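What follows is a single structure, written as structure tokens, with notes after it.
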Amino acid sequence: MNAKELRKYFPILDQEVNGHPLVYLDNGATSQKPIQVIEAMAKYYREYNSNVHRGVHTLGNIATDGYEGAREKVRAFINAREAAEIVFTRGTTSACNTVAYGYARMFLKPGDEIVTTLVEHHANFIPWQQAAKATGATFKFIPLAEDGTVTLEAVKETITDNTKLVAIHHVSNVLGDTTPIKEIAQIAHQHGALLFVDGAQGAPHKKIDVQDLDCDFYTFSAHKMAGPTGVGVLYGKREVLERVEPMEFGGEMIDYVDMYDSTWKELPWKFEGGTPIIAGAIGLGAAIDFLEEIGMDNIERHEKHLVKYAMEQMREIEGLKIYGPQQDRSCLITFNLDTVHPHDLATVLDSYGIAVRAGHHCAQPLMRWLNVTATARASFYLYNTEEEVDVLIAGLKKTKEYFGNVFS
């Protein structure tokens, strides 16, 4: 099934914005949702809305089956060893903080090292920065190549026997590069360090096998992969997750409560205090069904084609600069046009119905490394087409012409 055929499942795309057909190229921020996901969540609320795990009545059992069934779908989607290694969170940010508080702040000390890069999204940067400040650990950065990518040579030079945790992106939300996670895991483990991977831009766009990658943690958000907002996943190896302390306490995550002490449930429920994100998990499960029917390899192939097709035309626009690697990019292109501020660029494109992102993309350290205050970003997904790329290119040319006339 090609992109044009897939669009029939996304009713939001069939509309006009400012008198023009919507061209949605802000998938790096959030993807659109197919009717299968919308209907799965509506069915839960309409037919078997109930809390999970707590009751023995029929609706509670159906809801529990749906919720835990979604966990099993996630397990298979990323090839985790067991469902107990899958923790539902509010999203990637929540997962990063869970490990930063439950592991880094609990066990790190002065002399230990947390290693990351300047490319990271703030969600995979600030929690570790603050954990280092709280524990006295050293916060270190892997030097970047000229195009902003991470090389294995730089990784080897940075990670030491004092390194306890490496936190790194799978796919950059700004530069579109794919990090060699499997090889970095080998280097980290040789030094006794754990590897935490931000897969927010990885899981929606490529087939993930956490056992093959051998990462200790992997996290992603449903809303970037055709699923609902407010739910995400933290994967962790069982032996590692068992060492992480929960950061939220309350109902559902407890085993036994005494007056002066308490014990926690086994994995994964010790991390899921309170009423969990039931409808969101069911929606994520439906999104996984949808993506797997299409095939993750097919999705990745289609997006890379669109990126290559777009970059070839963007390079012909005088004054347009593309940031990051110029070859083998995943799913997005970040750029600036002459002296046009990215917000002005995005505003003009919006007048033609084209939705792109503008700003620092929650990556201010990277913006400073690039020596810019902001950039524009066009990010693609399974339902985008070559025709939409053509509309983007035409919009960029019109924007350049407009501002050229304004300042001439």
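Lettering and numbering for the structure tokens are positional, with chains as A, B, ... in the shown order, residues counted from 1 in each chain, and ligands counted from 1 in the shown order.
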Selection near Asp328 (chain A), 12 Å with only C-alpha atoms, sequence-local residues under 5 positions removed, as a ChimeraX atom specification: /A:149,171,175-179,300-301,303-309,311,333
Spatial neighbours of region 275-280 of chain A, max dist 9 Å, only C-alpha atoms, sep filter under 4 positions, as a list in words: Ala40, Met41, Ala42, Tyr44, Tyr45, Asn49, Ser50, Asn51, Val52, Ala63, Thr64, Gly66, Tyr67, Phe88, Thr89, Arg90, Ala222, Gly227, Pro228, Thr229, Gly230, Val231, Gly232, Gly251, Glu252, Leu284 and Gly285 of chain A
Next, dump the selected residues to file, keeping only C-alpha atoms, as a compact mmCIF listing (two decimals), in the first residue's frame.
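Result went into again-v3.txt, see below:
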```
# COMPACT_ATOMS: atom_id res chain seq x y z
CA ALA A 40 -9.77 1.54 19.13
CA MET A 41 -9.67 4.20 21.83
CA ALA A 42 -13.30 5.18 21.27
CA TYR A 44 -12.63 1.28 24.96
CA TYR A 45 -14.55 4.28 26.28
CA ASN A 49 -14.33 1.49 30.10
CA SER A 50 -13.07 0.18 33.43
CA ASN A 51 -9.96 0.19 35.56
CA VAL A 52 -7.41 -2.58 35.12
CA ALA A 63 -9.87 -3.68 29.96
CA THR A 64 -6.99 -5.53 31.60
CA GLY A 66 -6.59 -4.82 26.29
CA TYR A 67 -4.01 -2.99 28.38
CA PHE A 88 4.19 2.35 30.02
CA THR A 89 5.05 6.00 30.67
CA ARG A 90 3.59 9.38 29.77
CA ALA A 222 3.28 6.84 20.89
CA GLY A 227 -0.51 6.67 18.26
CA PRO A 228 -2.14 8.94 20.86
CA THR A 229 -0.52 11.61 22.98
CA GLY A 230 0.22 11.07 26.66
CA VAL A 231 1.62 7.54 26.47
CA GLY A 232 5.06 6.15 25.77
CA GLY A 251 -1.86 2.69 44.33
CA GLU A 252 -1.30 -0.16 41.90
CA LEU A 284 -0.60 2.52 20.96
CA GLY A 285 -1.34 -1.16 20.42
```
Polymer residues at most 9 Å from Leu267 (chain A), only C-alpha atoms, same-chain spacing of 5 or more positions, as a PyMOL selection string: chain A and resi 83-87+238+241-242
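Taking CA of Asp14 (chain A) and CA of Ala358 (chain A) as endpoints, the distance between them is 23.6 Å.
Computed from the coordinates, the CA of Val244 (chain A) to CA of Ile208 (chain A) distance equals 23.2 Å.
Every residue of region 55-153 of chain A found in strand (DSSP E) when DSSP is run on the backbone appears here: A:Ile86, A:Val87, A:Phe88, A:Thr89, A:Glu113, A:Ile114, A:Val115, A:Thr116, A:Thr138, A:Phe139, A:Lys140, A:Phe141.
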Alpha helix (DSSP H) residues, from DSSP on the backbone, in region 121-240 of chain A, as a ChimeraX atom specification: /A:126-135,152-158,181-190,210-213,238-240
Keeping only C-alpha atoms, take the residues you just selected and write them out as a short mmCIF file (atom, residue, chain, number, x, y, z; two decimals), in the first residue's frame.
```cif
data_model
loop_
_atom_site.label_atom_id
_atom_site.label_comp_id
_atom_site.auth_asym_id
_atom_site.auth_seq_id
_atom_site.Cartn_x
_atom_site.Cartn_y
_atom_site.Cartn_z
CA ILE A 126 18.43 18.05 31.20
CA PRO A 127 17.57 15.00 33.37
CA TRP A 128 21.19 13.80 33.14
CA GLN A 129 22.58 17.31 33.55
CA GLN A 130 20.59 17.74 36.75
CA ALA A 131 21.46 14.23 37.97
CA ALA A 132 25.14 15.08 37.57
CA LYS A 133 24.68 18.30 39.55
CA ALA A 134 22.80 16.46 42.29
CA THR A 135 25.32 13.63 42.66
CA LEU A 152 32.76 5.59 16.98
CA GLU A 153 36.27 7.02 17.28
CA ALA A 154 34.91 9.93 19.31
CA VAL A 155 32.86 7.55 21.44
CA LYS A 156 35.93 5.45 22.21
CA GLU A 157 37.89 8.54 23.17
CA THR A 158 35.17 9.80 25.53
CA ILE A 181 23.70 2.17 18.76
CA LYS A 182 24.85 -1.45 18.61
CA GLU A 183 28.51 -0.48 18.38
CA ILE A 184 28.17 2.17 21.09
CA ALA A 185 26.55 -0.43 23.35
CA GLN A 186 29.58 -2.66 22.92
CA ILE A 187 31.95 0.18 23.84
CA ALA A 188 29.86 1.23 26.84
CA HIS A 189 29.60 -2.31 28.17
CA GLN A 190 33.34 -2.87 27.80
CA VAL A 210 16.53 -4.05 21.35
CA GLN A 211 18.15 -7.43 21.84
CA ASP A 212 20.27 -6.97 18.75
CA LEU A 213 21.12 -3.37 19.71
CA ARG A 238 15.08 -6.97 33.44
CA GLU A 239 18.32 -7.11 35.41
CA VAL A 240 18.74 -3.35 34.99
#
```
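Closest approach to Asp209 (chain A) among A:His169, A:His302, A:Lys109, A:Arg81 is made by A:Arg81 (distances from only C-alpha atoms).
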